[in-house]
Every structure is written in C-alpha cells, then in structure tokens.
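In what follows, a single structure is set out as structure tokens and then discussed.
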Amino acid sequence: MDVAINYGAVVVGMIVAVVLGGLWYGPLFGKIWMREVGMAKPDVITPDMKRSMMRSYAFVALSSLVMTYVLAHVLVFSSAYTGATGVMAGLQAGFWSWLGFALPPTLGPVLWEGKSFKYLLVTAGYYLVALLLIGVLLAVWV
C-alpha cells in the first residue's frame with residue numbers, strides 16, 4: 001500500500017503542538033504544573049539554564065514532529081480501510097491515540113510515583129487537546 005503523507009501538514013501539526021505546549025505549560029496551567037512537579041520558578045535565568053531550556057525545546061519539537069507523523073500514518077491507514085475522512089476522522093484518530101498511547105503513560109506517575117490527580121489532568125489534558133487538534137488538522141488538510 002502506498003502511503004501518502006502530507007509533510008507540510010505534519011510540520012504545521014508539530015508547530016501547533018509546540019505552541020499549544022507553550023501556552024498550556026505557560027500562562028494556562030504552568031503554575032499548577034510547576035507546583036505539582038515540585039519546580040520553583042527561578043528568579044533569574046542564567047545562560048546555562050537558557051541553554052538547557054533551548055535543548056529541551058528542541059527535543060520537544062522533535063518529539064512533537066514524531067507524534068504528528070505517526071498520527072498522520074494512523075489517519076492515512078484508517079481512511080484507506082474505513083473510508084473515513086474529515087473532522088470526525090481526525091477527532092476519532094486523535095482521541096483513540098490519546099486513550100491508548102498517551103493516557104496510560106501519564107497515569108503511571110499518579111499510580112506509582114505519588115503524583116497528584118491535578119498533574120494527570122494537566123499532562124494528559126495537554127496530550128488530549130494536542131492530538132485532537134493535530135488529528136483534525138491532518139484529516140482536513142489532504
């Protein structure tokens with residue numbers, strides 16, 4: 001089977017995930033997340049901290065690119081077999097991918113490491129919204 005991936009949509013999906021992450025873990029839920037993981041906001045960001053942050057952002061962008069690329073494959077294969085396309089197909093692919101592949105690993109720290117339910121809501125919530133948005137983007141941008 002020939003797999004036709006829209007690489008432009010994959011790159012835009014990665015950008016969507018990174019921007020959403022900046023908003024989600026910044027002004028929207030950043031204070032809650034930092035409190036839940038035991039992180040204090042530094043008074044001053046040193047050059048070493050800035051380099052470390054930039055390296056982390058690069059890895060986040062790369063992992064978001066991989067996540068988007070894999071979701072594109074899910075959508076291509078599912079539409080080939082079911083004929084489903086459009087917004088509903090994107091929402092379904094995003095939701096089922098979240099339920100099967102994002103929620104379980106974010107649940108582990110709550111069950112085994114003593115993280116709170118708030119931590120789960122913030123972290124799993126990000127992945128749910130990201131995968132839904134990316135799913136819709138990929139499904140409609142053919």
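Lettering and numbering for the structure tokens are positional, with chains as A, B, ... in the shown order, residues counted from 1 in each chain, and ligands counted from 1 in the shown order.
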key: Contacts of Gly94 (chain A) at 8 Å (only C-alpha atoms; same-chain gap of 6+ positions) as a PyMOL selection string   = chain A and resi 71+128+131-136
Output for the residues just chosen: N, CA, C and O atoms as a PDB file, in the first residue's frame:
ATOM      1  N   LEU A  71       0.677  10.025  13.876  1.00  0.00           N
ATOM      2  CA  LEU A  71      -0.769  10.228  13.767  1.00  0.00           C
ATOM      3  C   LEU A  71      -1.188  10.364  12.299  1.00  0.00           C
ATOM      4  O   LEU A  71      -2.257   9.887  11.908  1.00  0.00           O
ATOM      5  N   LEU A 128      -4.366  15.260  25.108  1.00  0.00           N
ATOM      6  CA  LEU A 128      -5.692  15.114  24.508  1.00  0.00           C
ATOM      7  C   LEU A 128      -5.971  16.265  23.545  1.00  0.00           C
ATOM      8  O   LEU A 128      -6.330  16.044  22.383  1.00  0.00           O
ATOM      9  N   LEU A 131      -3.531  16.116  20.450  1.00  0.00           N
ATOM     10  CA  LEU A 131      -3.852  15.072  19.484  1.00  0.00           C
ATOM     11  C   LEU A 131      -5.170  15.333  18.759  1.00  0.00           C
ATOM     12  O   LEU A 131      -5.300  15.013  17.568  1.00  0.00           O
ATOM     13  N   LEU A 132      -6.137  15.919  19.441  1.00  0.00           N
ATOM     14  CA  LEU A 132      -7.388  16.279  18.765  1.00  0.00           C
ATOM     15  C   LEU A 132      -7.139  17.349  17.703  1.00  0.00           C
ATOM     16  O   LEU A 132      -7.624  17.241  16.567  1.00  0.00           O
ATOM     17  N   LEU A 133      -6.401  18.399  18.070  1.00  0.00           N
ATOM     18  CA  LEU A 133      -6.110  19.473  17.107  1.00  0.00           C
ATOM     19  C   LEU A 133      -5.305  18.956  15.923  1.00  0.00           C
ATOM     20  O   LEU A 133      -5.618  19.252  14.761  1.00  0.00           O
ATOM     21  N   ILE A 134      -4.265  18.174  16.220  1.00  0.00           N
ATOM     22  CA  ILE A 134      -3.429  17.648  15.145  1.00  0.00           C
ATOM     23  C   ILE A 134      -4.230  16.680  14.279  1.00  0.00           C
ATOM     24  O   ILE A 134      -4.105  16.689  13.047  1.00  0.00           O
ATOM     25  N   GLY A 135      -5.063  15.855  14.895  1.00  0.00           N
ATOM     26  CA  GLY A 135      -5.892  14.927  14.131  1.00  0.00           C
ATOM     27  C   GLY A 135      -6.798  15.640  13.153  1.00  0.00           C
ATOM     28  O   GLY A 135      -6.892  15.252  11.978  1.00  0.00           O
ATOM     29  N   VAL A 136      -7.444  16.685  13.616  1.00  0.00           N
ATOM     30  CA  VAL A 136      -8.335  17.447  12.738  1.00  0.00           C
ATOM     31  C   VAL A 136      -7.522  18.124  11.638  1.00  0.00           C
ATOM     32  O   VAL A 136      -7.889  18.075  10.452  1.00  0.00           O
TER      33      VAL A 136
END
key: Residue contacts of Tyr57 (chain A) (12 Å, only C-alpha atoms) excluding same-chain residues fewer than 4 positions away, as a list of chain:residue names   =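 Within the cut-off, the hits are A:Ile15, A:Ala17, A:Val18, A:Val19, A:Gly21, A:Gly22, A:Lys50, A:Arg51, A:Ser52, A:Met53, A:Ala61, A:Leu62, A:Ser63, A:Ser64.
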task = Among the residues of region 39-75 of chain A, find those DSSP assigns to helix (DSSP H, G or I) from the backbone and print them as a PyMOL selection string.
result = chain A and resi 47-75
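Remark: for Lys115 (chain A), the closest of the candidate residues A:Trp96, A:Tyr81, A:Trp33, A:Phe59 is A:Trp33 (distances computed over only C-alpha atoms).
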request  = Show which residues sit within 12 Å of Phe77 (chain A), as number ranges by chain. Count only C-alpha atoms, and ignore same-chain residues fewer than 5 positions away.
outcome  = A: 1-5, 70-72, 82-85, 89, 93, 139
Would you output that residue set with N, CA and C atoms, as a PDB file, in the first residue's frame?
ATOM      1  N   MET A   1       0.847  -1.183   0.000  1.00  0.00           N
ATOM      2  CA  MET A   1       0.000   0.000   0.000  1.00  0.00           C
ATOM      3  C   MET A   1       0.891   1.244   0.000  1.00  0.00           C
ATOM      4  N   ASP A   2       0.584   2.167  -0.873  1.00  0.00           N
ATOM      5  CA  ASP A   2       1.336   3.407  -0.964  1.00  0.00           C
ATOM      6  C   ASP A   2       0.802   4.384   0.086  1.00  0.00           C
ATOM      7  N   VAL A   3       1.694   4.884   0.936  1.00  0.00           N
ATOM      8  CA  VAL A   3       1.299   5.806   1.997  1.00  0.00           C
ATOM      9  C   VAL A   3       1.622   7.224   1.549  1.00  0.00           C
ATOM     10  N   ALA A   4       0.595   8.061   1.456  1.00  0.00           N
ATOM     11  CA  ALA A   4       0.769   9.448   1.038  1.00  0.00           C
ATOM     12  C   ALA A   4       0.626  10.354   2.261  1.00  0.00           C
ATOM     13  N   ILE A   5       1.752  10.790   2.792  1.00  0.00           N
ATOM     14  CA  ILE A   5       1.760  11.667   3.956  1.00  0.00           C
ATOM     15  C   ILE A   5       1.946  13.105   3.474  1.00  0.00           C
ATOM     16  N   VAL A  70       3.395  10.088  13.180  1.00  0.00           N
ATOM     17  CA  VAL A  70       2.750   8.801  13.464  1.00  0.00           C
ATOM     18  C   VAL A  70       1.233   8.934  13.362  1.00  0.00           C
ATOM     19  N   LEU A  71       0.677  10.025  13.876  1.00  0.00           N
ATOM     20  CA  LEU A  71      -0.769  10.228  13.767  1.00  0.00           C
ATOM     21  C   LEU A  71      -1.188  10.364  12.299  1.00  0.00           C
ATOM     22  N   ALA A  72      -0.347  10.965  11.475  1.00  0.00           N
ATOM     23  CA  ALA A  72      -0.642  11.046  10.039  1.00  0.00           C
ATOM     24  C   ALA A  72      -0.725   9.648   9.437  1.00  0.00           C
ATOM     25  N   THR A  82     -11.323   2.353   6.122  1.00  0.00           N
ATOM     26  CA  THR A  82     -12.703   2.659   6.518  1.00  0.00           C
ATOM     27  C   THR A  82     -13.369   3.686   5.612  1.00  0.00           C
ATOM     28  N   GLY A  83     -12.563   4.439   4.891  1.00  0.00           N
ATOM     29  CA  GLY A  83     -13.113   5.492   4.059  1.00  0.00           C
ATOM     30  C   GLY A  83     -13.449   6.754   4.840  1.00  0.00           C
ATOM     31  N   ALA A  84     -13.156   6.758   6.143  1.00  0.00           N
ATOM     32  CA  ALA A  84     -13.473   7.917   6.980  1.00  0.00           C
ATOM     33  C   ALA A  84     -12.482   9.042   6.710  1.00  0.00           C
ATOM     34  N   THR A  85     -13.027  10.243   6.534  1.00  0.00           N
ATOM     35  CA  THR A  85     -12.193  11.427   6.331  1.00  0.00           C
ATOM     36  C   THR A  85     -12.846  12.606   7.052  1.00  0.00           C
ATOM     37  N   ALA A  89     -13.074  12.039  11.508  1.00  0.00           N
ATOM     38  CA  ALA A  89     -11.985  11.064  11.425  1.00  0.00           C
ATOM     39  C   ALA A  89     -10.777  11.565  12.202  1.00  0.00           C
ATOM     40  N   ALA A  93      -9.280   9.686  15.480  1.00  0.00           N
ATOM     41  CA  ALA A  93      -7.882   9.235  15.496  1.00  0.00           C
ATOM     42  C   ALA A  93      -7.126   9.878  16.650  1.00  0.00           C
ATOM     43  N   ALA A 139      -6.487  15.508   9.127  1.00  0.00           N
ATOM     44  CA  ALA A 139      -7.618  14.905   8.425  1.00  0.00           C
ATOM     45  C   ALA A 139      -8.226  15.839   7.383  1.00  0.00           C
TER      46      ALA A 139
END
task = Find the residues near Gly13 (chain A): any atom within 8 Å, counting only C-alpha atoms, skip ones fewer than 6 places away on the same chain, and give them as a list in words.
result =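 Here the answer would be Leu65, Thr68, Ile134, Leu137 and Leu138 of chain A.
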Can you write just those residues out, N, CA, C and O atoms, as a JSON list (two decimals), in the first residue's frame?
[["chain", "number", "residue", "atom", "x", "y", "z"],
["A", 65, "LEU", "N", 7.10, 16.42, 16.37],
["A", 65, "LEU", "CA", 7.15, 16.06, 14.95],
["A", 65, "LEU", "C", 6.90, 14.56, 14.78],
["A", 65, "LEU", "O", 6.11, 14.15, 13.92],
["A", 68, "THR", "N", 3.20, 13.76, 15.48],
["A", 68, "THR", "CA", 2.35, 14.19, 14.38],
["A", 68, "THR", "C", 2.51, 13.27, 13.17],
["A", 68, "THR", "O", 1.52, 12.89, 12.52],
["A", 134, "ILE", "N", -4.27, 18.17, 16.22],
["A", 134, "ILE", "CA", -3.43, 17.65, 15.14],
["A", 134, "ILE", "C", -4.23, 16.68, 14.28],
["A", 134, "ILE", "O", -4.10, 16.69, 13.05],
["A", 137, "LEU", "N", -6.41, 18.73, 11.99],
["A", 137, "LEU", "CA", -5.55, 19.39, 11.01],
["A", 137, "LEU", "C", -5.14, 18.41, 9.90],
["A", 137, "LEU", "O", -5.26, 18.70, 8.71],
["A", 138, "LEU", "N", -4.66, 17.26, 10.32],
["A", 138, "LEU", "CA", -4.19, 16.26, 9.34],
["A", 138, "LEU", "C", -5.34, 15.71, 8.51],
["A", 138, "LEU", "O", -5.18, 15.46, 7.31]]
inquiry  = Can you tell me which residues surround Gly108 (chain A) at a distance of at most 12 Å, considering only C-alpha atoms, apart from same-chain residues fewer than 3 positions away, and format the answer as a list in words?
reply    =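 Using only C-alpha atoms, the neighbours found are Ala102, Leu103, Pro104, Pro105, Leu111, Trp112, Glu113, Gly114, Lys115, Ser116, Phe117, Tyr119, Leu120, Thr123 and Ala124 of chain A.
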ask   = Interatomic distance between CA of Tyr69 (chain A) and CA of Val10 (chain A)?
value =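 CA of Tyr69 (chain A) sits 5.8 Å away from CA of Val10 (chain A).
Residue nearest Trp98 (chain A) within the list A:Gly8, A:Gly125, A:Gly38, A:Gly26: A:Gly125 [criterion: smallest interatomic distance, only C-alpha atoms].
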query = Separation of CA of Met14 (chain A) and CA of Val66 (chain A), in Å?
reply =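 Distance between the two atoms: 8.2 Å.
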